[in-house]
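Novice: A single structure is presented below for examination.
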Amino acid sequence: VLVLFDIDGTLLSGADAHLQAMAEAVQMVVGHLPPVCSDDEVGAYVGEIRINGLVDPQILALMLDAVGTTDDPATVRRIAGLAGPRYRDLLQRGAPPATALPGAVALVEALAGAGAKVGVATGNLRSIGVTKLAAAGFAGLFHCGAFSDAHRDRTAVVAEGCAHARPGEGVWVVGDTPADVAAGRANGVQVLAVTTGAYGPEELTGADVVADSLADVGALRAILSSR
Ligand SMILES: [Mg+2]
């Protein structure tokens, strides 16, 4: 079985510096700082628009809209290139790094130990996601990864992740938002949803399994018994 993990709200929490780094990268290129706010309980926003479950290029496009600039692909790519270094810079200056959620490291290790292939399928840009995972203690744990750099929605990110499965191999998507559930469904794979992000079980009903956290033993059992 191949298990593809979302990052924010699923494996770890505390992505404030990520949103801030992207906003500052927008400012570096177009001269205006877009309005952003994020809260692990309530969600993350660009202006009035909730961005949980969106991929970073979509969020950058919303930031450019918010400051009245056209989101042409070349500008988005240029800003994306600056956001990773800006994120590392913010962490070096003392911004709080993301931290692993309860049970996440142990579940990834248990799946790999049981012979599963584990990867990430994330809305993060690669440069930010890799830094964030390393800071939270996940370095070296994943066999493969699909990041958002070349994609404009989560379904496409998950499709790239699914390409790492062998023919006929079962695939699970693990995520914390309705967008993860929808992307898993669109790719015809099974979905484990966790309520450790900003959504409750009533908002994640499309998933095959909903767990309180990755520390829930039912999560591991559901995935391993599906092979
Ligand atoms: Mg998430």
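Labels for the structure tokens follow display order: chains A, B, ..., residues from 1 in each chain, ligands from 1.
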Hey, what's within 9 Å of stretch 174-180 of chain A if we count only C-alpha atoms and toss same-chain stuff fewer than 6 positions away? As a ChimeraX atom specification, please?
Specialist: /A:3-11,52-54,121,154-155,158,190-200,203-207
Novice: May I have the residues within 8 Å of A:Phe142 as an MDAnalysis selection string, using only C-alpha atoms and disregarding those fewer than 5 positions away in the same chain?
Specialist: chainID A and resid 117:120
Novice: Go through A:Ala156, A:Leu64, A:Ala222, A:Ala98 one by one, measure the shortest atom-to-atom distance of each to A:Pro34 using only C-alpha atoms, and give the residue with the smallest value.
Specialist: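 The closest residue to A:Pro34 is A:Leu64.
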Novice: Given the choices A:Glu202, A:Glu109, A:Glu169, A:Asp56, which gets closest to A:Leu141 if the distance is worked out from only C-alpha atoms?
Specialist: A:Glu109
Novice: Within 8 Å of A:Leu33, counting only C-alpha atoms, which residues qualify if same-chain residues fewer than 4 places away don't, as a ChimeraX atom specification?
Specialist: /A:23-24,26-27,67
Novice: Those selected residues, please, written with N, CA and C atoms and delivered as a PDB file, in the first residue's frame.
Specialist:
ATOM      1  N   ALA A  23       3.637  35.868   1.936  1.00  0.00           N
ATOM      2  CA  ALA A  23       3.159  37.250   1.860  1.00  0.00           C
ATOM      3  C   ALA A  23       4.338  38.210   1.648  1.00  0.00           C
ATOM      4  N   GLU A  24       5.441  37.957   2.363  1.00  0.00           N
ATOM      5  CA  GLU A  24       6.609  38.837   2.216  1.00  0.00           C
ATOM      6  C   GLU A  24       7.264  38.670   0.840  1.00  0.00           C
ATOM      7  N   VAL A  26       5.579  38.050  -1.882  1.00  0.00           N
ATOM      8  CA  VAL A  26       4.717  38.859  -2.757  1.00  0.00           C
ATOM      9  C   VAL A  26       5.134  40.326  -2.660  1.00  0.00           C
ATOM     10  N   GLN A  27       5.361  40.778  -1.442  1.00  0.00           N
ATOM     11  CA  GLN A  27       5.754  42.182  -1.242  1.00  0.00           C
ATOM     12  C   GLN A  27       7.089  42.495  -1.928  1.00  0.00           C
ATOM     13  N   VAL A  67      -3.815  42.290  -3.557  1.00  0.00           N
ATOM     14  CA  VAL A  67      -3.081  43.557  -3.678  1.00  0.00           C
ATOM     15  C   VAL A  67      -3.284  44.188  -5.056  1.00  0.00           C
TER      16      VAL A  67
END
Novice: Can you tell me, as number ranges by chain, which residues in stretch 6-220 of chain A count as alpha helix (DSSP H) by DSSP?
Specialist: A: 16-30, 56-66, 73-92, 104-113, 126-135, 154-162, 178-186, 217-220
Novice: With only C-alpha atoms as the counted atoms, please give the residues lying no more than 12 Å from A:Arg166, apart from itself and same-chain residues fewer than 3 positions off, as a PyMOL selection string.
Specialist: chain A and resi 1-2+116-117+161-163+169-171
Novice: Let's have the selection written as a compact mmCIF listing (two decimals), in the first residue's frame, with all heavy atoms.
Specialist:
# COMPACT_ATOMS: atom_id res chain seq x y z
N VAL A 1 0.84 -1.20 0.00
CA VAL A 1 0.00 0.00 0.00
C VAL A 1 0.88 1.25 0.00
O VAL A 1 1.97 1.25 0.57
CB VAL A 1 -0.95 -0.02 1.23
CG1 VAL A 1 -0.18 0.07 2.55
CG2 VAL A 1 -1.99 1.07 1.15
N LEU A 2 0.41 2.28 -0.72
CA LEU A 2 1.09 3.59 -0.73
C LEU A 2 0.24 4.55 0.09
O LEU A 2 -0.97 4.65 -0.13
CB LEU A 2 1.22 4.09 -2.18
CG LEU A 2 1.62 5.57 -2.36
CD1 LEU A 2 3.04 5.84 -1.86
CD2 LEU A 2 1.49 5.98 -3.84
N ALA A 116 4.73 -0.65 4.12
CA ALA A 116 4.03 0.33 3.29
C ALA A 116 5.03 1.31 2.70
O ALA A 116 6.09 1.55 3.28
CB ALA A 116 3.00 1.08 4.12
N LYS A 117 4.66 1.87 1.54
CA LYS A 117 5.43 2.98 0.99
C LYS A 117 4.77 4.25 1.51
O LYS A 117 3.55 4.39 1.43
CB LYS A 117 5.41 2.94 -0.53
CG LYS A 117 6.38 3.94 -1.18
CD LYS A 117 6.15 4.04 -2.68
CE LYS A 117 6.63 2.79 -3.40
NZ LYS A 117 6.42 2.91 -4.88
N GLY A 161 1.26 12.18 -6.77
CA GLY A 161 1.64 11.24 -5.71
C GLY A 161 1.25 9.82 -6.04
O GLY A 161 2.01 8.87 -5.82
N CYS A 162 0.04 9.65 -6.60
CA CYS A 162 -0.46 8.31 -6.93
C CYS A 162 0.40 7.61 -7.98
O CYS A 162 0.42 6.38 -8.07
CB CYS A 162 -1.90 8.39 -7.45
SG CYS A 162 -3.10 8.80 -6.16
N ALA A 163 1.12 8.40 -8.77
CA ALA A 163 1.98 7.81 -9.80
C ALA A 163 3.12 7.00 -9.19
O ALA A 163 3.78 6.23 -9.89
CB ALA A 163 2.54 8.91 -10.71
N GLU A 169 -1.52 -1.51 -6.80
CA GLU A 169 -1.27 -1.25 -5.38
C GLU A 169 -2.33 -0.31 -4.81
O GLU A 169 -2.73 0.65 -5.47
CB GLU A 169 0.11 -0.61 -5.21
CG GLU A 169 0.54 -0.43 -3.76
CD GLU A 169 1.97 0.13 -3.63
OE1 GLU A 169 2.40 0.89 -4.52
OE2 GLU A 169 2.64 -0.20 -2.65
N GLY A 170 -2.80 -0.58 -3.59
CA GLY A 170 -3.76 0.29 -2.94
C GLY A 170 -3.13 1.60 -2.53
O GLY A 170 -1.94 1.64 -2.20
N VAL A 171 -3.91 2.69 -2.58
CA VAL A 171 -3.40 4.01 -2.19
C VAL A 171 -4.36 4.64 -1.19
O VAL A 171 -5.58 4.57 -1.35
CB VAL A 171 -3.25 4.95 -3.42
CG1 VAL A 171 -2.73 6.32 -2.99
CG2 VAL A 171 -2.33 4.34 -4.48
